[in-house]
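Enquirer: Just model-v4.cif, nothing more (mmCIF, C-alpha atoms):
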data_query
loop_
_atom_site.label_atom_id
_atom_site.label_comp_id
_atom_site.auth_asym_id
_atom_site.auth_seq_id
_atom_site.Cartn_x
_atom_site.Cartn_y
_atom_site.Cartn_z
CA MET A 29 17.53 161.93 -99.59
CA ARG A 30 21.15 162.15 -100.68
CA LYS A 31 23.84 159.55 -101.22
CA LYS A 32 27.22 160.52 -99.77
CA ALA A 33 30.10 159.90 -102.14
CA ARG A 34 33.08 158.33 -100.44
CA GLU A 35 36.33 160.28 -100.69
CA GLU A 36 38.38 157.30 -101.80
CA SER A 37 35.91 156.66 -104.61
CA ARG A 38 36.47 160.16 -105.92
CA ALA A 39 40.24 159.76 -105.90
CA ARG A 40 40.36 156.41 -107.70
CA PRO A 41 39.88 156.10 -111.49
CA LEU A 42 36.55 154.55 -112.41
CA TRP A 43 37.67 152.23 -115.22
CA PRO A 44 38.73 149.34 -112.88
CA LEU A 45 35.31 149.50 -111.30
CA VAL A 46 33.58 149.46 -114.65
CA LEU A 47 35.61 146.45 -115.79
CA ALA A 48 34.80 144.64 -112.58
CA LEU A 49 31.17 145.53 -113.05
CA LEU A 50 31.04 144.18 -116.57
CA PHE A 51 32.69 140.93 -115.67
CA SER A 52 30.81 140.43 -112.43
CA SER A 53 28.71 137.29 -112.40
CA PHE A 54 25.81 139.35 -111.10
CA ILE A 55 25.61 141.65 -114.14
CA ILE A 56 24.21 140.96 -117.59
CA PRO A 57 25.93 142.15 -120.83
CA PRO A 58 26.42 145.92 -121.36
CA SER A 59 23.92 146.13 -124.22
CA SER A 60 21.22 144.72 -122.00
CA LEU A 61 22.20 147.12 -119.23
CA ALA A 62 21.61 150.08 -121.50
CA GLN A 63 18.25 148.73 -122.59
CA GLU A 64 17.15 148.11 -119.05
CA ASP A 65 18.33 151.55 -117.94
CA GLU A 66 16.03 153.16 -120.51
CA ALA A 67 13.13 152.17 -118.29
CA PRO A 68 14.20 153.32 -114.81
CA PRO A 69 12.63 151.73 -111.75
CA PRO A 70 9.38 153.30 -110.61
CA LYS A 71 9.87 155.98 -107.97
CA LYS A 72 8.99 154.92 -104.47
CA SER A 73 8.93 156.76 -101.19
CA GLY A 74 12.04 156.23 -99.11
CA VAL A 75 15.65 155.94 -100.20
CA SER A 76 16.87 154.67 -103.58
CA ILE A 77 20.05 152.64 -103.15
CA THR A 78 22.43 152.05 -106.05
CA PHE A 79 25.58 149.97 -105.71
CA LEU A 80 28.11 147.94 -107.64
CA PRO A 81 27.66 144.24 -106.88
CA PRO A 82 30.80 142.51 -105.65
CA PRO A 83 32.76 140.70 -108.40
CA THR A 84 32.02 137.15 -107.28
CA THR A 85 29.43 134.44 -107.70
CA GLY A 86 26.76 133.71 -105.15
CA VAL A 87 23.89 135.45 -103.43
CA LEU A 88 23.67 138.86 -101.75
CA SER A 89 22.49 139.82 -98.28
CA LEU A 90 22.15 143.56 -97.69
CA GLY A 91 21.42 145.43 -94.47
CA ILE A 92 20.71 149.00 -93.42
CA TYR A 93 22.71 150.23 -90.40
CA ASP A 94 22.51 153.31 -88.20
CA LYS A 95 25.47 155.46 -87.13
CA LYS A 96 26.25 153.13 -84.23
CA GLY A 97 26.50 150.15 -86.57
CA LYS A 98 23.25 148.60 -85.39
CA LEU A 99 21.32 146.59 -87.97
CA VAL A 100 18.07 148.43 -88.63
CA ARG A 101 16.64 146.54 -91.58
CA VAL A 102 17.44 143.37 -93.52
CA LEU A 103 16.92 144.79 -97.00
CA ALA A 104 17.86 141.69 -99.00
CA ARG A 105 18.45 138.11 -97.90
CA GLU A 106 20.21 135.70 -100.25
CA ALA A 107 19.10 137.79 -103.20
CA THR A 108 20.08 137.26 -106.83
CA LYS A 109 20.15 139.58 -109.83
CA LYS A 110 16.42 139.16 -110.42
CA ASP A 111 15.72 140.68 -106.99
CA PHE A 112 17.21 144.04 -108.05
CA PHE A 113 16.65 146.54 -110.82
CA VAL A 114 19.76 146.36 -113.03
CA GLY A 115 20.85 149.84 -114.05
CA LEU A 116 23.83 151.21 -115.92
CA ASN A 117 25.47 152.17 -112.61
CA GLY A 118 24.81 148.89 -110.87
CA PHE A 119 22.03 147.32 -108.87
CA ILE A 120 19.17 149.48 -107.66
CA THR A 121 16.87 148.75 -104.74
CA ASN A 122 14.74 150.78 -102.34
CA TRP A 123 14.55 151.22 -98.59
CA ASP A 124 11.21 152.50 -97.35
CA GLY A 125 12.76 154.05 -94.24
CA LYS A 126 11.35 151.46 -91.84
CA ASP A 127 13.05 149.01 -89.50
CA ASP A 128 12.47 145.26 -89.39
CA ALA A 129 9.49 145.77 -87.08
CA GLY A 130 7.82 148.03 -89.66
CA LYS A 131 8.35 151.21 -87.63
CA PRO A 132 9.72 154.39 -89.28
CA ALA A 133 13.41 154.94 -88.60
CA PRO A 134 14.44 158.36 -87.26
CA ALA A 135 16.00 160.87 -89.63
CA GLY A 136 19.75 160.57 -90.04
CA THR A 137 22.61 158.99 -91.95
CA TYR A 138 22.43 155.27 -92.62
CA ALA A 139 24.88 152.83 -94.19
CA ALA A 140 24.02 150.03 -96.60
CA ARG A 141 26.41 147.10 -96.63
CA GLY A 142 26.36 143.36 -96.85
CA PHE A 143 27.93 140.12 -97.99
CA ALA A 144 28.07 137.99 -101.09
CA VAL A 145 28.24 134.28 -100.27
CA GLY A 146 29.24 131.68 -102.81
CA GLU A 147 28.18 128.06 -102.96
CA LEU A 148 28.41 126.19 -99.67
CA GLU A 149 28.71 122.45 -99.28
CA VAL A 150 26.19 121.15 -96.74
CA GLU A 151 26.25 117.42 -96.13
CA GLY A 152 23.73 115.59 -93.94
CA ILE A 153 25.55 113.10 -91.75
CA ALA A 154 23.30 111.56 -89.13
CA TYR A 155 20.20 111.66 -86.95
CA HIS A 156 20.51 111.42 -83.19
CA GLY A 157 18.17 110.85 -80.29
CA ASN A 158 15.22 109.31 -82.17
CA ASP A 159 15.20 105.68 -83.33
CA TRP A 160 11.99 106.23 -85.30
CA MET A 161 13.90 108.58 -87.62
CA ILE A 162 15.63 106.18 -89.99
CA ALA A 163 15.28 108.07 -93.30
CA ASP A 164 14.64 111.58 -94.59
CA ASP A 165 10.95 110.79 -95.16
CA SER A 166 10.38 109.22 -91.73
CA PRO A 167 7.75 110.96 -89.60
CA ARG A 168 9.23 113.31 -87.00
CA LEU A 169 7.65 111.73 -83.93
CA ARG A 170 8.25 113.61 -80.71
CA ARG A 171 6.22 111.31 -78.46
CA VAL A 172 4.32 108.06 -79.04
CA LEU A 173 0.85 108.17 -77.50
CA ALA A 174 -0.66 104.80 -78.40
CA LEU A 175 -0.16 101.73 -80.60
CA GLU A 176 -2.26 99.08 -82.26
CA LEU A 177 -1.16 95.87 -83.95
CA ARG A 178 -3.53 95.49 -86.86
CA ALA A 179 -4.62 92.31 -88.64
CA SER A 180 -2.20 93.12 -91.47
CA GLY A 181 0.69 92.72 -89.05
CA ARG A 182 1.53 96.43 -89.29
CA LEU A 183 1.60 98.84 -86.39
CA ALA A 184 -0.68 101.86 -86.21
CA VAL A 185 1.14 104.45 -84.15
CA TRP A 186 -0.61 107.46 -82.67
CA ALA A 187 1.99 110.12 -81.92
CA GLU A 188 2.64 113.77 -81.28
CA GLY A 189 4.73 115.33 -84.03
CA ALA A 190 7.45 117.95 -83.73
CA ASP A 191 4.78 120.56 -84.44
CA GLY A 192 2.70 119.41 -81.45
CA LYS A 193 -0.08 118.02 -83.64
CA ARG A 194 -1.35 114.45 -83.36
CA GLN A 195 -0.81 112.12 -86.26
CA LEU A 196 -1.42 108.46 -87.09
CA VAL A 197 1.25 106.58 -89.02
CA ARG A 198 1.59 103.02 -90.26
CA MET A 199 4.76 101.02 -89.62
CA ASP A 200 5.89 97.46 -89.97
CA GLN A 201 6.80 95.53 -86.81
CA ALA A 202 10.43 96.56 -87.22
CA GLY A 203 9.36 100.18 -86.83
CA GLU A 204 9.92 101.24 -90.45
CA PHE A 205 7.52 103.91 -91.69
CA THR A 206 5.15 102.68 -94.41
CA GLY A 207 2.69 105.56 -94.70
CA GLU A 208 0.44 108.04 -92.95
CA ILE A 209 -3.14 107.15 -92.01
CA PRO A 210 -5.98 109.70 -91.97
CA LEU A 211 -6.76 110.52 -88.36
CA ASP A 212 -10.36 109.65 -87.47
CA PRO A 213 -11.40 111.61 -84.34
CA ASP A 214 -13.48 108.81 -82.76
CA THR A 215 -10.79 106.17 -83.36
CA ALA A 216 -8.18 108.50 -81.92
CA LYS A 217 -10.28 109.08 -78.80
CA LEU A 218 -10.45 105.35 -78.14
CA ALA A 219 -6.77 104.72 -78.81
CA LEU A 220 -5.68 107.63 -76.67
CA GLY A 221 -8.02 106.75 -73.81
CA ASP A 222 -10.33 109.73 -74.28
CA GLY A 223 -13.54 107.67 -74.42
CA ALA A 224 -16.08 107.06 -77.18
CA THR A 225 -19.27 108.69 -78.33
CA THR A 226 -22.55 107.18 -77.15
CA GLU A 227 -23.74 106.80 -80.73
CA ASN A 228 -21.17 104.16 -81.62
CA ALA A 229 -20.46 102.69 -78.17
CA ALA A 230 -22.31 99.42 -78.88
CA GLU A 231 -20.22 98.80 -82.02
CA ILE A 232 -16.83 99.24 -80.34
CA PRO A 233 -14.86 96.09 -79.37
CA PRO A 234 -14.32 95.52 -75.64
CA ARG A 235 -11.60 97.64 -74.11
CA THR A 236 -10.06 98.19 -70.71
CA VAL A 237 -9.94 101.31 -68.58
CA ILE A 238 -8.65 102.23 -65.14
CA ALA A 239 -11.57 103.54 -63.09
CA GLU A 240 -11.25 104.48 -59.41
CA GLY A 241 -8.00 102.54 -59.13
CA LYS A 242 -9.53 99.36 -60.54
CA VAL A 243 -9.29 97.61 -63.91
CA ALA A 244 -12.60 97.61 -65.75
CA VAL A 245 -13.84 96.42 -69.13
CA VAL A 246 -16.03 98.64 -71.26
CA GLU A 247 -18.28 96.54 -73.48
CA LYS A 248 -21.40 97.55 -75.41
CA GLY A 249 -21.51 100.83 -73.57
CA ALA A 250 -21.39 99.24 -70.09
CA THR A 251 -18.44 99.34 -67.67
CA ARG A 252 -17.70 96.35 -65.43
CA GLN A 253 -14.89 96.09 -62.88
CA LEU A 254 -12.69 92.97 -62.99
CA ALA A 255 -11.74 91.03 -59.87
CA LEU A 256 -7.97 90.88 -60.42
CA PRO A 257 -6.02 89.84 -57.29
CA ASP A 258 -2.99 91.50 -55.69
CA LEU A 259 -2.97 94.69 -57.75
CA VAL A 260 -1.41 97.65 -55.94
CA LYS A 261 -1.71 100.62 -58.27
CA PRO A 262 -2.77 99.71 -61.83
CA LEU A 263 -1.60 102.34 -64.33
CA ASP A 264 -2.91 100.90 -67.60
CA ALA A 265 -4.47 97.70 -68.94
CA THR A 266 -5.27 96.06 -72.24
CA LEU A 267 -6.99 92.96 -73.60
CA GLY A 268 -4.88 90.37 -75.37
CA ARG A 269 -5.25 86.94 -76.93
CA ASP A 270 -8.10 84.78 -75.59
CA ASP A 271 -9.43 87.81 -73.68
CA ARG A 272 -6.45 87.78 -71.34
CA VAL A 273 -5.94 91.00 -69.37
CA TRP A 274 -2.52 92.64 -69.25
CA VAL A 275 -1.94 95.22 -66.50
CA ILE A 276 0.86 97.64 -65.63
CA ASP A 277 0.95 97.57 -61.83
CA GLN A 278 3.07 99.94 -59.75
CA THR A 279 4.21 98.56 -56.41
CA ALA A 280 6.32 100.20 -53.73
CA GLU A 281 9.47 98.49 -55.02
CA ARG A 282 9.00 98.37 -58.78
CA THR A 283 6.67 98.43 -61.74
CA GLU A 284 5.45 95.07 -63.07
CA VAL A 285 3.48 93.83 -66.04
CA LYS A 286 0.98 91.15 -65.04
CA GLU A 287 -1.28 88.87 -67.05
CA PHE A 288 -4.64 87.54 -65.84
CA THR A 289 -7.54 85.67 -67.32
CA ARG A 290 -10.67 87.76 -67.59
CA GLY A 291 -12.04 85.75 -64.68
CA GLY A 292 -9.17 86.94 -62.46
CA GLU A 293 -6.74 83.98 -62.54
CA PHE A 294 -3.10 85.13 -62.40
CA GLN A 295 -0.95 83.88 -65.30
CA ARG A 296 2.50 85.49 -65.31
CA ARG A 297 4.45 88.66 -64.55
CA LEU A 298 7.20 90.66 -66.17
CA ALA A 299 9.30 92.60 -63.67
CA ILE A 300 10.81 95.89 -64.85
CA ASP A 301 14.29 96.89 -63.69
CA PRO A 302 13.89 100.09 -61.62
CA ALA A 303 16.87 101.57 -63.45
CA GLU A 304 15.04 101.21 -66.78
CA PRO A 305 12.27 103.47 -68.11
CA ALA A 306 8.99 102.58 -66.37
CA PRO A 307 5.97 101.36 -68.40
CA VAL A 308 3.14 103.89 -68.61
CA ARG A 309 0.98 102.30 -71.32
CA ILE A 310 0.49 98.75 -72.60
CA PHE A 311 -1.01 97.32 -75.79
CA ALA A 312 -1.43 93.62 -76.62
CA SER A 313 -2.03 91.59 -79.75
CA ARG A 314 -5.40 89.85 -79.84
CA THR A 315 -3.97 86.92 -81.83
CA SER A 316 -0.56 86.15 -80.24
CA ASP A 317 1.44 86.53 -77.03
CA LEU A 318 2.86 89.86 -78.09
CA ILE A 319 2.73 93.06 -76.05
CA PHE A 320 3.93 96.61 -76.65
CA LEU A 321 5.02 98.91 -73.84
CA ILE A 322 5.43 102.67 -73.84
CA GLU A 323 8.06 103.33 -71.19
CA GLU A 324 9.32 106.65 -69.89
CA LYS A 325 11.76 108.32 -67.57
CA PRO A 326 12.75 112.01 -67.40
CA GLY A 327 13.85 113.18 -70.83
CA LEU A 328 13.31 109.84 -72.58
CA GLN A 329 10.62 107.59 -74.03
CA ARG A 330 11.04 104.01 -75.21
CA VAL A 331 8.64 101.74 -77.08
CA ARG A 332 9.27 98.00 -76.79
CA GLY A 333 7.61 95.06 -78.43
CA LEU A 334 7.95 91.82 -76.42
CA ALA A 335 7.03 88.34 -77.61
CA LEU A 336 6.51 85.50 -75.11
CA GLU A 337 8.92 82.64 -75.88
CA ALA A 338 8.41 80.22 -72.94
CA ALA A 339 6.42 80.02 -69.72
CA ALA A 340 6.52 76.47 -68.37
CA PRO A 341 4.91 75.98 -64.89
CA ARG A 342 7.20 75.31 -61.96
CA ALA A 343 7.28 71.72 -60.77
CA GLY A 344 4.85 71.04 -57.93
CA THR A 345 3.19 74.48 -58.09
CA ASP A 346 0.42 76.16 -59.97
CA GLU A 347 2.50 79.31 -60.41
CA ALA A 348 3.86 80.04 -63.84
CA ALA A 349 7.63 80.12 -64.20
CA VAL A 350 9.48 83.36 -64.90
CA SER A 351 8.60 83.88 -68.54
CA THR A 352 11.17 84.27 -71.30
CA TRP A 353 10.58 87.25 -73.55
CA LYS A 354 12.10 88.20 -76.85
CA THR A 355 12.43 91.87 -77.78
CA VAL A 356 11.03 92.31 -81.30
CA LEU A 357 10.95 96.12 -81.30
CA SER A 358 12.84 98.78 -79.38
CA LYS A 359 12.63 102.46 -80.29
CA THR A 360 13.86 105.30 -78.08
CA ILE A 361 13.21 109.04 -78.28
CA ILE A 362 15.42 111.41 -76.29
CA TRP A 363 13.57 114.68 -75.91
CA SER A 364 15.90 117.25 -77.39
CA ASP A 365 14.40 120.60 -76.40
CA THR A 366 17.90 121.77 -75.45
CA PHE A 367 21.40 120.89 -76.60
CA ALA A 368 22.32 119.93 -73.04
CA ALA A 369 19.67 117.19 -73.08
CA VAL A 370 21.47 115.32 -75.88
CA ALA A 371 25.07 116.50 -75.52
CA GLY A 372 26.16 113.08 -74.28
CA GLN A 373 24.22 111.16 -76.97
CA LEU A 374 26.01 112.39 -80.10
CA GLY A 375 28.37 109.45 -80.59
CA ARG A 376 31.54 111.41 -79.89
CA PRO A 377 34.63 110.09 -78.06
CA GLN A 378 35.04 113.62 -76.72
CA PRO A 379 32.11 115.92 -75.86
CA PHE A 380 31.15 118.26 -78.68
CA LYS A 381 31.87 121.87 -77.75
CA PRO A 382 29.67 124.45 -79.48
CA GLU A 383 31.33 127.69 -80.52
CA ASP A 384 29.54 131.03 -80.34
CA LYS A 385 31.40 132.21 -83.45
CA ILE A 386 33.86 130.93 -86.01
CA ARG A 387 36.30 133.36 -87.60
CA VAL A 388 36.76 133.07 -91.34
CA ARG A 389 39.07 134.94 -93.74
CA LEU A 390 36.95 136.73 -96.32
CA VAL A 391 37.61 136.82 -100.04
CA PRO A 392 39.12 140.27 -100.86
CA ASN A 393 36.80 142.68 -102.66
CA PRO A 394 38.75 144.88 -105.16
CA LEU A 395 35.82 147.32 -105.26
CA PHE A 396 35.85 147.89 -101.53
CA GLN A 397 39.33 148.72 -100.25
CA ASP A 398 38.16 149.29 -96.68
CA ALA A 399 36.28 145.99 -96.51
CA MET A 400 36.77 143.81 -93.45
CA HIS A 401 39.21 140.97 -93.82
CA ASP A 402 37.75 138.59 -91.25
CA LEU A 403 34.21 137.74 -90.22
CA ASP A 404 33.05 136.05 -87.00
CA VAL A 405 30.33 133.85 -88.45
CA GLN A 406 27.52 132.77 -86.12
CA ILE A 407 24.63 130.37 -86.46
CA GLY A 408 21.02 131.46 -86.17
CA PHE A 409 17.60 129.95 -86.76
CA ASP A 410 14.03 131.03 -87.33
CA ALA A 411 10.73 129.38 -88.28
CA LYS A 412 12.15 128.36 -91.67
CA GLY A 413 15.44 126.75 -90.63
CA ALA A 414 19.06 127.42 -89.67
CA PHE A 415 21.36 129.94 -91.30
CA LEU A 416 24.74 131.61 -91.01
CA ARG A 417 24.70 135.21 -89.88
CA ALA A 418 27.04 138.11 -89.22
CA PRO A 419 27.62 139.17 -85.59
CA ASP A 420 25.27 142.13 -86.11
CA GLY A 421 22.45 139.70 -86.97
CA LEU A 422 22.41 139.99 -90.78
CA PRO A 423 21.46 136.54 -92.20
CA ILE A 424 23.92 135.64 -94.93
CA ARG A 425 23.31 132.03 -95.96
CA THR A 426 20.69 129.32 -95.33
CA LEU A 427 22.03 126.00 -94.07
CA THR A 428 18.93 123.86 -93.55
CA GLU A 429 15.17 124.10 -94.00
CA THR A 430 14.04 122.19 -90.92
CA ARG A 431 11.11 124.12 -89.51
CA ALA A 432 10.32 125.06 -85.92
CA LEU A 433 13.85 124.54 -84.62
CA LYS A 434 14.37 124.88 -80.89
CA TRP A 435 18.14 125.29 -81.11
CA ALA A 436 21.14 125.08 -83.43
CA VAL A 437 24.85 124.98 -82.55
CA MET A 438 28.08 124.70 -84.51
CA GLY A 439 31.74 123.99 -83.91
CA ARG A 440 34.91 122.65 -85.49
CA GLU A 441 36.09 119.10 -84.86
CA GLY A 442 39.33 119.37 -86.79
CA GLY A 443 39.82 120.06 -90.47
CA LYS A 444 38.08 122.74 -92.49
CA ALA A 445 34.52 121.48 -92.05
CA VAL A 446 32.12 123.00 -89.53
CA THR A 447 29.83 120.59 -87.69
CA VAL A 448 26.25 121.71 -87.10
CA PHE A 449 23.72 120.14 -84.73
CA GLN A 450 20.11 121.29 -84.63
CA SER A 451 16.80 120.01 -83.25
CA ASP A 452 13.09 120.68 -83.45
CA GLY A 453 12.59 118.79 -80.19
CA ALA A 454 11.86 115.52 -81.98
CA VAL A 455 15.20 114.60 -83.55
CA VAL A 456 18.74 115.96 -83.60
CA GLU A 457 20.18 116.45 -87.09
CA GLU A 458 23.91 116.58 -87.79
CA PHE A 459 25.46 118.34 -90.78
CA LYS A 460 28.88 119.21 -92.11
CA VAL A 461 29.39 122.60 -93.77
CA LEU A 462 32.33 123.38 -96.05
CA LYS A 463 33.46 126.56 -97.83
CA ILE A 464 31.93 129.00 -95.34
CA ALA A 465 34.90 131.30 -96.08
CA ASN A 466 33.64 131.68 -99.66
CA THR A 467 32.28 135.08 -98.62
CA MET A 468 32.98 138.66 -99.76
CA ALA A 469 31.97 141.87 -98.00
CA PHE A 470 30.67 144.85 -100.00
CA ASP A 471 29.67 148.44 -99.33
CA ALA A 472 26.54 149.95 -100.87
CA GLY A 473 27.15 153.49 -99.60
CA ASP A 474 25.87 155.97 -97.02
CA TYR A 475 22.46 157.59 -97.33
CA GLU A 476 20.51 160.42 -95.75
CA TRP A 477 17.03 159.57 -94.56
CA SER A 478 14.71 162.50 -93.92
CA GLY A 479 12.44 160.57 -91.63
CA LYS A 480 9.47 161.10 -93.93
#
Could you express the structure from this file as structure tokens?

Expert:
Amino acid sequence: MRKKAREESRARPLWPLVLALLFSSFIIPPSSLAQEDEAPPPKKSGVSITFLPPPTTGVLSLGIYDKKGKLVRVLAREATKKDFFVGLNGFITNWDGKDDAGKPAPAGTYAARGFAVGELEVEGIAYHGNDWMIADDSPRLRRVLALELRASGRLAVWAEGADGKRQLVRMDQAGEFTGEIPLDPDTAKLALGDGATTENAAEIPPRTVIAEGKVAVVEKGATRQLALPDLVKPLDATLGRDDRVWVIDQTAERTEVKEFTRGGEFQRRLAIDPAEPAPVRIFASRTSDLIFLIEEKPGLQRVRGLALEAAAPRAGTDEAAVSTWKTVLSKTIIWSDTFAAVAGQLGRPQPFKPEDKIRVRLVPNPLFQDAMHDLDVQIGFDAKGAFLRAPDGLPIRTLTETRALKWAVMGREGGKAVTVFQSDGAVVEEFKVLKIANTMAFDAGDYEWSGK
């Protein structure tokens, strides 16, 4: 294992480097350096790497590269002084000779180089594509599965989160999050239409099911079909005030919501515009004329709360007039598994155009005369969030900590700020990033690896 000295380093006097080293924000006072150097780092197998940190503030990302310039190993990611052994000749770290997959690298010459990145300014701007997301602490609901209006007047919302797990949250009738509720398996089965256990069936309030294309009521463990006239294809049903039965019925022309008495007498209907999301589930209040619909169309889900305002009978007939409804809740989720799914929903007068890379002028490094002057910064993401990276894949600075991202894009919309959009499939987050050019390249030398 041998470090190759660079020819230009031999030719230049060392005192400018020493001064830069002493005044670098990464290095502690000279007296402390000497004390620390008295206890050298423990010897490890692999390659010992010693380098002068760049004379700037910020964090360091360091990579190991093969002769072709391919990134072999991310040796340090957003590291600070405490992540290195501080010696008299600079920072010391170790490469165990393995690549990022943990496999031994072949013998040969490898380069160690990286970037120092100063403080970035990351500003959260907006959420897009999910009306349930109204604050940073709002639950990240990807899909609403069921609802219940409780006696307190609050909504219990069963939903699938961004992580795919089911959760139960409490909200007021305006849809504002008020807390998470422990998820009881039996209660969830009932709410989600998965049935109930025989042990507690007699204690469960009456509920409706669709069985063999008919609406039925399950009560005290027994199932009884209801004689409801003129239903074509019932999709879901629920019991409301005074034991009224609300049904989503799909006809050849449209989907309708119909109300019946439990004895089968028709009361009223609510026609759904075919251009609107179609109802797939319905939930009714047991104390008022209030219903909630889960409506869907490709790529979108909407939850609406509708309150009956008027339903006077038509003169000379027994048929109820077209009812007047007031919308008391409307929440939409646009499924954002891809950028294309939400590209037209970002509130821009002109479509946002993602850029694969953004070129920035680097801060000159006086210790590294051959350093690159420009860097084509890209955006990447992993299980922990989004980050800026070099074109070779070296992560250089974290932007966000949103987990399980499905995509992240960036672009300029005028000015010096970079706009970032990202999504975990539940909500699209928008950020502005400033000072991405506050970056300095550095060289940590060439090293021989024996392969053992």

Enquirer: Calculated over all atoms listed in the file, which of the candidates A:Thr447, A:Thr236, A:Thr355, A:Gln253 has the smallest distance to Trp274 of chain A?

Expert: A:Thr236

Enquirer: Could you write out as a PyMOL selection string the residues that the PyMOL selection byres ((chain A and resi 95) around 10) matches in the shown file?

Expert: chain A and resi 93-94+96-99+136-139+474

Enquirer: Which of these residues is nearest to Thr467 of chain A, using all atoms listed in the file: A:Asn122, A:Thr366, A:Asn393, A:Gln373?

Expert: A:Asn393

Enquirer: Could you list the residues chosen by the PyMOL selection byres ((chain A and resi 301-309) around 10) in this structure as a PyMOL selection string?

Expert: chain A and resi 173-175+262-266+275-278+281-285+298-300+310-311+320-326+328-332

Enquirer: For the structure shown, which residues end up in the PyMOL selection byres ((chain A and resi 189) around 10)? Put them as a short mmCIF file (atom, residue, chain, number, x, y, z; two decimals) with C-alpha atoms, in the coordinates of the input, please?

Expert:
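Saved as out-v9.cif:
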data_model
loop_
_atom_site.label_atom_id
_atom_site.label_comp_id
_atom_site.auth_asym_id
_atom_site.auth_seq_id
_atom_site.Cartn_x
_atom_site.Cartn_y
_atom_site.Cartn_z
CA PRO A 167 7.75 110.96 -89.60
CA ARG A 168 9.23 113.31 -87.00
CA LEU A 169 7.65 111.73 -83.93
CA ARG A 170 8.25 113.61 -80.71
CA ARG A 171 6.22 111.31 -78.46
CA VAL A 172 4.32 108.06 -79.04
CA TRP A 186 -0.61 107.46 -82.67
CA ALA A 187 1.99 110.12 -81.92
CA GLU A 188 2.64 113.77 -81.28
CA ALA A 190 7.45 117.95 -83.73
CA ASP A 191 4.78 120.56 -84.44
CA GLY A 192 2.70 119.41 -81.45
CA LYS A 193 -0.08 118.02 -83.64
CA ARG A 194 -1.35 114.45 -83.36
CA GLN A 195 -0.81 112.12 -86.26
CA LEU A 196 -1.42 108.46 -87.09
CA ASP A 452 13.09 120.68 -83.45
CA GLY A 453 12.59 118.79 -80.19
CA ALA A 454 11.86 115.52 -81.98
#

Enquirer: Counting all atoms listed in the file, what is within 8 Å of segment 148-163 of chain A, bar same-chain residues fewer than 2 positions away, as a ChimeraX atom specification?

Expert: /A:146,165-169,203-204,359-364,370,373-374,427,454-464,466

Enquirer: Looking at A:Lys72, A:Arg417, A:Glu441, A:Val273, which one is nearest to Gln378 of chain A, with distances taken over all atoms listed in the file?

Expert: A:Glu441

Enquirer: Between A:Lys261, A:Lys480, A:Arg376, A:Arg425, which has the minimum distance to Gly86 of chain A (counting only C-alpha atoms)?

Expert: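 Using only C-alpha atoms, Gly86 of chain A sits closest to A:Arg425.
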
Enquirer: May I ask which of the residues A:Leu422, A:Ala469, A:Ala140, A:Leu116 is the closest one to Asp402 of chain A, counting only C-alpha atoms?

Expert: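 Comparing A:Leu422, A:Ala469, A:Ala140, A:Leu116 against Asp402 of chain A, the winner is A:Ala469.
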
Enquirer: What is the distance, in Å and to one decimal place, between atom CA of Arg389 of chain A and atom CA of Val100 of chain A?

Expert: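 Taking atom CA of Arg389 of chain A as the start and atom CA of Val100 of chain A as the end point, the length is 25.5 Å.
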